[in-house]
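Containing mmCIF, N, CA, C and O atoms: input-v3.cif.
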data_query
loop_
_atom_site.label_atom_id
_atom_site.label_comp_id
_atom_site.auth_asym_id
_atom_site.auth_seq_id
_atom_site.Cartn_x
_atom_site.Cartn_y
_atom_site.Cartn_z
N MET A 14 6.27 7.75 -4.48
CA MET A 14 7.37 8.69 -4.41
C MET A 14 8.62 7.92 -4.80
O MET A 14 8.83 6.80 -4.40
N GLY A 15 9.45 8.56 -5.57
CA GLY A 15 10.65 7.88 -5.99
C GLY A 15 11.68 8.85 -6.50
O GLY A 15 11.62 10.04 -6.24
N ASN A 16 12.62 8.30 -7.21
CA ASN A 16 13.70 9.09 -7.78
C ASN A 16 13.54 9.16 -9.28
O ASN A 16 13.09 8.21 -9.91
N ILE A 17 13.91 10.28 -9.87
CA ILE A 17 13.87 10.46 -11.31
C ILE A 17 15.29 10.66 -11.79
O ILE A 17 15.99 11.53 -11.28
N GLN A 18 15.71 9.85 -12.75
CA GLN A 18 17.06 9.98 -13.27
C GLN A 18 16.99 10.72 -14.60
O GLN A 18 16.23 10.36 -15.49
N ILE A 19 17.79 11.77 -14.72
CA ILE A 19 17.86 12.56 -15.93
C ILE A 19 19.29 12.46 -16.46
O ILE A 19 20.21 12.98 -15.85
N GLY A 20 19.45 11.77 -17.55
CA GLY A 20 20.80 11.57 -18.11
C GLY A 20 21.61 10.65 -17.22
O GLY A 20 21.08 9.84 -16.49
N GLN A 21 22.93 10.82 -17.27
CA GLN A 21 23.81 9.98 -16.47
C GLN A 21 24.27 10.75 -15.25
O GLN A 21 24.84 11.83 -15.36
N GLY A 22 23.99 10.22 -14.08
CA GLY A 22 24.47 10.82 -12.83
C GLY A 22 23.61 11.94 -12.29
O GLY A 22 23.92 12.49 -11.24
N ASN A 23 22.53 12.32 -12.97
CA ASN A 23 21.64 13.36 -12.46
C ASN A 23 20.38 12.71 -11.93
O ASN A 23 19.60 12.13 -12.69
N VAL A 24 20.15 12.82 -10.62
CA VAL A 24 19.00 12.18 -9.99
C VAL A 24 18.26 13.21 -9.15
O VAL A 24 18.86 13.94 -8.38
N ILE A 25 16.93 13.26 -9.33
CA ILE A 25 16.07 14.08 -8.47
C ILE A 25 15.43 13.13 -7.48
O ILE A 25 14.71 12.21 -7.86
N LYS A 26 15.69 13.32 -6.18
CA LYS A 26 15.18 12.43 -5.15
C LYS A 26 13.89 12.95 -4.56
O LYS A 26 13.64 14.15 -4.57
N ASN A 27 13.10 12.05 -4.00
CA ASN A 27 11.83 12.37 -3.33
C ASN A 27 10.92 13.18 -4.23
O ASN A 27 10.55 14.30 -3.93
N SER A 28 10.54 12.61 -5.36
CA SER A 28 9.75 13.34 -6.33
C SER A 28 8.50 12.55 -6.71
O SER A 28 8.49 11.33 -6.70
N VAL A 29 7.43 13.29 -7.01
CA VAL A 29 6.18 12.71 -7.50
C VAL A 29 5.72 13.60 -8.63
O VAL A 29 5.68 14.83 -8.49
N ILE A 30 5.36 13.01 -9.75
CA ILE A 30 4.85 13.79 -10.88
C ILE A 30 3.57 13.13 -11.35
O ILE A 30 3.52 11.93 -11.59
N SER A 31 2.51 13.93 -11.44
CA SER A 31 1.23 13.46 -11.95
C SER A 31 1.04 14.04 -13.34
O SER A 31 0.82 15.24 -13.49
N SER A 32 1.12 13.21 -14.36
CA SER A 32 1.02 13.70 -15.73
C SER A 32 -0.40 14.13 -16.08
O SER A 32 -0.60 14.99 -16.93
N ASN A 33 -1.40 13.56 -15.41
CA ASN A 33 -2.79 13.89 -15.73
C ASN A 33 -3.18 15.28 -15.25
O ASN A 33 -3.98 15.95 -15.89
N SER A 34 -2.65 15.72 -14.11
CA SER A 34 -3.08 17.00 -13.53
C SER A 34 -2.04 18.10 -13.66
O SER A 34 -2.29 19.22 -13.24
N GLY A 35 -0.86 17.82 -14.18
CA GLY A 35 0.17 18.84 -14.34
C GLY A 35 0.81 19.25 -13.03
O GLY A 35 1.23 20.38 -12.86
N VAL A 36 0.88 18.31 -12.06
CA VAL A 36 1.43 18.59 -10.73
C VAL A 36 2.75 17.86 -10.57
O VAL A 36 2.86 16.68 -10.90
N ALA A 37 3.76 18.57 -10.07
CA ALA A 37 5.05 17.96 -9.77
C ALA A 37 5.45 18.35 -8.35
O ALA A 37 5.37 19.51 -7.98
N VAL A 38 5.84 17.36 -7.56
CA VAL A 38 6.37 17.59 -6.21
C VAL A 38 7.80 17.11 -6.23
O VAL A 38 8.07 15.93 -6.44
N ILE A 39 8.73 18.03 -6.04
CA ILE A 39 10.15 17.70 -6.02
C ILE A 39 10.71 18.18 -4.70
O ILE A 39 10.81 19.38 -4.47
N GLY A 40 11.02 17.21 -3.84
CA GLY A 40 11.46 17.56 -2.49
C GLY A 40 10.33 18.23 -1.74
O GLY A 40 9.28 17.63 -1.52
N ASN A 41 10.48 19.48 -1.37
CA ASN A 41 9.46 20.23 -0.65
C ASN A 41 8.83 21.31 -1.53
O ASN A 41 8.11 22.16 -1.05
N GLU A 42 9.10 21.28 -2.83
CA GLU A 42 8.56 22.26 -3.77
C GLU A 42 7.43 21.65 -4.58
O GLU A 42 7.50 20.50 -4.99
N VAL A 43 6.38 22.44 -4.80
CA VAL A 43 5.23 22.00 -5.60
C VAL A 43 5.10 22.93 -6.80
O VAL A 43 5.10 24.15 -6.66
N ILE A 44 4.99 22.33 -7.98
CA ILE A 44 4.81 23.08 -9.22
C ILE A 44 3.54 22.56 -9.89
O ILE A 44 3.41 21.37 -10.13
N ILE A 45 2.59 23.48 -10.13
CA ILE A 45 1.33 23.12 -10.77
C ILE A 45 1.23 23.88 -12.08
O ILE A 45 1.21 25.11 -12.08
N ASN A 46 1.15 23.14 -13.18
CA ASN A 46 1.07 23.72 -14.52
C ASN A 46 2.13 24.79 -14.75
O ASN A 46 1.86 25.85 -15.30
N GLY A 47 3.35 24.53 -14.28
CA GLY A 47 4.47 25.43 -14.49
C GLY A 47 4.56 26.59 -13.51
O GLY A 47 5.46 27.40 -13.60
N VAL A 48 3.63 26.68 -12.55
CA VAL A 48 3.62 27.76 -11.56
C VAL A 48 4.08 27.20 -10.22
O VAL A 48 3.49 26.24 -9.71
N LYS A 49 5.13 27.80 -9.67
CA LYS A 49 5.67 27.35 -8.38
C LYS A 49 4.78 27.86 -7.24
O LYS A 49 4.48 29.05 -7.17
N MET A 50 4.33 26.94 -6.39
CA MET A 50 3.48 27.28 -5.25
C MET A 50 4.34 27.72 -4.06
O MET A 50 5.54 27.45 -4.03
N PRO A 51 3.73 28.38 -3.06
CA PRO A 51 4.51 28.75 -1.87
C PRO A 51 5.04 27.50 -1.18
O PRO A 51 4.44 26.42 -1.28
N PRO A 52 6.16 27.60 -0.47
CA PRO A 52 6.73 26.42 0.17
C PRO A 52 5.83 25.89 1.28
O PRO A 52 5.14 26.65 1.96
N CYS A 53 5.84 24.58 1.44
CA CYS A 53 5.07 23.94 2.51
C CYS A 53 5.72 24.26 3.85
O CYS A 53 6.95 24.21 3.98
N PRO A 54 4.92 24.59 4.89
CA PRO A 54 5.50 24.95 6.18
C PRO A 54 6.16 23.78 6.92
O PRO A 54 6.96 24.00 7.82
N ALA A 55 5.84 22.55 6.54
CA ALA A 55 6.39 21.39 7.24
C ALA A 55 7.52 20.77 6.42
O ALA A 55 7.51 20.77 5.20
N LYS A 56 8.50 20.25 7.10
CA LYS A 56 9.61 19.55 6.45
C LYS A 56 9.31 18.06 6.44
O LYS A 56 8.63 17.55 7.31
N GLY A 57 9.84 17.37 5.47
CA GLY A 57 9.65 15.93 5.39
C GLY A 57 9.67 15.47 3.94
O GLY A 57 9.97 16.25 3.03
N HIS A 58 9.31 14.20 3.72
CA HIS A 58 9.36 13.62 2.39
C HIS A 58 8.08 12.89 2.04
O HIS A 58 8.08 12.05 1.17
N ASN A 59 6.97 13.22 2.70
CA ASN A 59 5.72 12.53 2.46
C ASN A 59 4.85 13.36 1.53
O ASN A 59 4.44 14.46 1.89
N SER A 60 4.58 12.87 0.33
CA SER A 60 3.73 13.60 -0.60
C SER A 60 2.77 12.65 -1.30
O SER A 60 3.11 11.51 -1.59
N THR A 61 1.55 13.15 -1.52
CA THR A 61 0.53 12.38 -2.20
C THR A 61 -0.21 13.31 -3.15
O THR A 61 -0.54 14.43 -2.78
N ILE A 62 -0.45 12.85 -4.37
CA ILE A 62 -1.24 13.59 -5.33
C ILE A 62 -2.42 12.71 -5.71
O ILE A 62 -2.23 11.59 -6.18
N ILE A 63 -3.63 13.21 -5.49
CA ILE A 63 -4.84 12.48 -5.88
C ILE A 63 -5.68 13.43 -6.72
O ILE A 63 -6.20 14.43 -6.20
N GLY A 64 -5.78 13.13 -8.00
CA GLY A 64 -6.48 14.04 -8.91
C GLY A 64 -5.75 15.37 -8.97
O GLY A 64 -4.59 15.43 -9.33
N ASP A 65 -6.43 16.43 -8.56
CA ASP A 65 -5.79 17.75 -8.54
C ASP A 65 -5.49 18.21 -7.12
O ASP A 65 -5.16 19.36 -6.90
N LYS A 66 -5.61 17.32 -6.14
CA LYS A 66 -5.31 17.64 -4.74
C LYS A 66 -3.88 17.25 -4.41
O LYS A 66 -3.41 16.17 -4.80
N VAL A 67 -3.18 18.11 -3.67
CA VAL A 67 -1.79 17.86 -3.29
C VAL A 67 -1.71 17.84 -1.77
O VAL A 67 -2.18 18.77 -1.11
N TYR A 68 -1.16 16.75 -1.22
CA TYR A 68 -0.95 16.60 0.21
C TYR A 68 0.54 16.44 0.46
O TYR A 68 1.18 15.61 -0.16
N LEU A 69 1.10 17.27 1.34
CA LEU A 69 2.53 17.26 1.57
C LEU A 69 2.81 17.43 3.06
O LEU A 69 2.47 18.46 3.65
N ASN A 70 3.37 16.40 3.68
CA ASN A 70 3.83 16.44 5.07
C ASN A 70 2.74 16.88 6.05
O ASN A 70 2.99 17.65 6.97
N GLY A 71 1.51 16.41 5.85
CA GLY A 71 0.42 16.73 6.76
C GLY A 71 -0.33 18.01 6.41
O GLY A 71 -1.20 18.44 7.16
N TYR A 72 -0.03 18.62 5.28
CA TYR A 72 -0.71 19.83 4.82
C TYR A 72 -1.35 19.57 3.46
O TYR A 72 -0.86 18.78 2.67
N GLU A 73 -2.46 20.26 3.21
CA GLU A 73 -3.16 20.17 1.93
C GLU A 73 -3.07 21.53 1.24
O GLU A 73 -3.25 22.57 1.87
N LEU A 74 -2.82 21.53 -0.05
CA LEU A 74 -2.77 22.76 -0.82
C LEU A 74 -4.19 23.11 -1.26
O LEU A 74 -4.79 22.41 -2.07
N VAL A 75 -4.74 24.20 -0.67
CA VAL A 75 -6.11 24.62 -0.96
C VAL A 75 -6.06 26.06 -1.47
O VAL A 75 -5.65 26.96 -0.74
N ASN A 76 -6.48 26.26 -2.71
CA ASN A 76 -6.49 27.60 -3.33
C ASN A 76 -5.13 28.31 -3.22
O ASN A 76 -5.06 29.49 -2.91
N GLY A 77 -4.05 27.57 -3.41
CA GLY A 77 -2.71 28.16 -3.41
C GLY A 77 -2.11 28.39 -2.03
O GLY A 77 -1.04 28.97 -1.92
N LYS A 78 -2.80 27.94 -0.96
CA LYS A 78 -2.28 28.10 0.41
C LYS A 78 -2.27 26.74 1.10
O LYS A 78 -3.12 25.89 0.85
N TRP A 79 -1.30 26.56 1.98
CA TRP A 79 -1.16 25.31 2.71
C TRP A 79 -2.05 25.35 3.96
O TRP A 79 -2.00 26.31 4.72
N LYS A 80 -2.86 24.30 4.14
CA LYS A 80 -3.73 24.19 5.31
C LYS A 80 -3.55 22.82 5.92
O LYS A 80 -3.47 21.82 5.22
N LYS A 81 -3.50 22.78 7.24
CA LYS A 81 -3.41 21.50 7.94
C LYS A 81 -4.83 20.94 8.04
O LYS A 81 -5.71 21.56 8.61
N THR A 82 -5.03 19.77 7.42
CA THR A 82 -6.35 19.15 7.41
C THR A 82 -6.25 17.72 7.90
O THR A 82 -5.17 17.11 7.89
N LEU A 83 -7.38 17.18 8.33
CA LEU A 83 -7.41 15.78 8.78
C LEU A 83 -7.06 14.83 7.64
O LEU A 83 -6.35 13.85 7.84
N ARG A 84 -7.56 15.13 6.46
CA ARG A 84 -7.26 14.27 5.30
C ARG A 84 -5.77 14.27 5.01
O ARG A 84 -5.17 13.23 4.70
N ALA A 85 -5.12 15.43 5.11
CA ALA A 85 -3.67 15.52 4.86
C ALA A 85 -2.89 14.73 5.91
O ALA A 85 -1.92 14.05 5.59
N LEU A 86 -3.33 14.80 7.17
CA LEU A 86 -2.69 14.00 8.21
C LEU A 86 -2.88 12.51 7.96
O LEU A 86 -1.98 11.71 8.20
N TRP A 87 -4.06 12.14 7.47
CA TRP A 87 -4.32 10.74 7.13
C TRP A 87 -3.33 10.24 6.08
O TRP A 87 -2.73 9.18 6.23
N TYR A 88 -3.13 11.01 5.03
CA TYR A 88 -2.20 10.60 3.97
C TYR A 88 -0.75 10.63 4.45
O TYR A 88 0.07 9.91 3.91
N LYS A 89 -0.46 11.45 5.44
CA LYS A 89 0.90 11.47 5.97
C LYS A 89 1.20 10.19 6.75
O LYS A 89 2.28 9.62 6.61
N TRP A 90 0.27 9.72 7.53
CA TRP A 90 0.53 8.59 8.42
C TRP A 90 0.08 7.24 7.87
O TRP A 90 0.52 6.20 8.33
N PHE A 91 -0.82 7.21 6.87
CA PHE A 91 -1.31 5.92 6.37
C PHE A 91 -1.16 5.80 4.92
O PHE A 91 -1.06 5.99 4.01
#
Could you quickly redo this structure as structure tokens?
Amino acid sequence: MGNIQIGQGNVIKNSVISSNSGVAVIGNEVIINGVKMPPCPAKGHNSTIIGDKVYLNGYELVNGKWKKTLRALWYKWF
């Protein structure tokens, strides 16, 4: 997770972009192949993208819905 600088003085903070799977996590928003997903119910800055799986703040995006899973909690804390 890091910051993306666009031009001079424009910075997007807390962002992850996976070029292989077409997934972008910017703050608490997830965009997959240009389609904005529903907002994650949890607040925070912890995001992980593995392949086509998205984990955000202890939740996993499964079939377009956020679910609290053990794997998502694992990626949040470790």
(request) Write out as a list in words which residues come within 12 Å of Gly35 (chain A) when counting only C-alpha atoms, dropping same-chain ones fewer than 5 positions away. (result) Val29, Ile30, Val43, Ile44, Ile45, Asn46, Gly47, Val48, Lys49, Ile62, Ile63, Gly64, Asp65, Lys66 and Val67 of chain A
(request) Work out how far apart atom C of Ile39 (chain A) and atom N of Leu83 (chain A) are and give it in Å to one decimal. (result) 22.3 Å
(message) Applying 6 Å and all atoms listed in the file, which residues near region 71-80 of chain A remain after dropping the ones on its own chain fewer than 2 positions away? List them as a list in words.
(response) Met50, Pro51, Asn59, Asp65, Lys66, Val67, Tyr68, Leu69, Thr82, Ala85, Leu86 and Lys89 of chain A
Could you turn the residues from that selection into a file that holds N, CA, C and O atoms, as a CSV table (one decimal), in the frame of the given file?
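The file below, again-v9.csv, is the result:
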chain,number,residue,atom,x,y,z
A,50,MET,N,4.3,26.9,-6.4
A,50,MET,CA,3.5,27.3,-5.2
A,50,MET,C,4.3,27.7,-4.1
A,50,MET,O,5.5,27.4,-4.0
A,51,PRO,N,3.7,28.4,-3.1
A,51,PRO,CA,4.5,28.8,-1.9
A,51,PRO,C,5.0,27.5,-1.2
A,51,PRO,O,4.4,26.4,-1.3
A,59,ASN,N,7.0,13.2,2.7
A,59,ASN,CA,5.7,12.5,2.5
A,59,ASN,C,4.8,13.4,1.5
A,59,ASN,O,4.4,14.5,1.9
A,65,ASP,N,-6.4,16.4,-8.6
A,65,ASP,CA,-5.8,17.8,-8.5
A,65,ASP,C,-5.5,18.2,-7.1
A,65,ASP,O,-5.2,19.4,-6.9
A,66,LYS,N,-5.6,17.3,-6.1
A,66,LYS,CA,-5.3,17.6,-4.7
A,66,LYS,C,-3.9,17.2,-4.4
A,66,LYS,O,-3.4,16.2,-4.8
A,67,VAL,N,-3.2,18.1,-3.7
A,67,VAL,CA,-1.8,17.9,-3.3
A,67,VAL,C,-1.7,17.8,-1.8
A,67,VAL,O,-2.2,18.8,-1.1
A,68,TYR,N,-1.2,16.8,-1.2
A,68,TYR,CA,-1.0,16.6,0.2
A,68,TYR,C,0.5,16.4,0.5
A,68,TYR,O,1.2,15.6,-0.2
A,69,LEU,N,1.1,17.3,1.3
A,69,LEU,CA,2.5,17.3,1.6
A,69,LEU,C,2.8,17.4,3.1
A,69,LEU,O,2.5,18.5,3.6
A,82,THR,N,-5.0,19.8,7.4
A,82,THR,CA,-6.4,19.2,7.4
A,82,THR,C,-6.2,17.7,7.9
A,82,THR,O,-5.2,17.1,7.9
A,85,ALA,N,-5.1,15.4,5.1
A,85,ALA,CA,-3.7,15.5,4.9
A,85,ALA,C,-2.9,14.7,5.9
A,85,ALA,O,-1.9,14.0,5.6
A,86,LEU,N,-3.3,14.8,7.2
A,86,LEU,CA,-2.7,14.0,8.2
A,86,LEU,C,-2.9,12.5,8.0
A,86,LEU,O,-2.0,11.7,8.2
A,89,LYS,N,-0.5,11.4,5.4
A,89,LYS,CA,0.9,11.5,6.0
A,89,LYS,C,1.2,10.2,6.8
A,89,LYS,O,2.3,9.6,6.6
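Take atom N of Val36 (chain A) and atom O of Trp90 (chain A): the distance between them is 23.7 Å.
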(message) If I take atom C of Val38 (chain A) and atom O of Lys81 (chain A), how far is one from the other in Å, to one decimal?
(response)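 Spanning atom C of Val38 (chain A) to atom O of Lys81 (chain A) is a straight-line distance of 20.6 Å.
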(request) On this file, the PyMOL selection byres ((chain A and resi 57) around 7) gives some set of residues; write that set as a ChimeraX atom specification. (result) /A:40-41,55-56,58-60,70
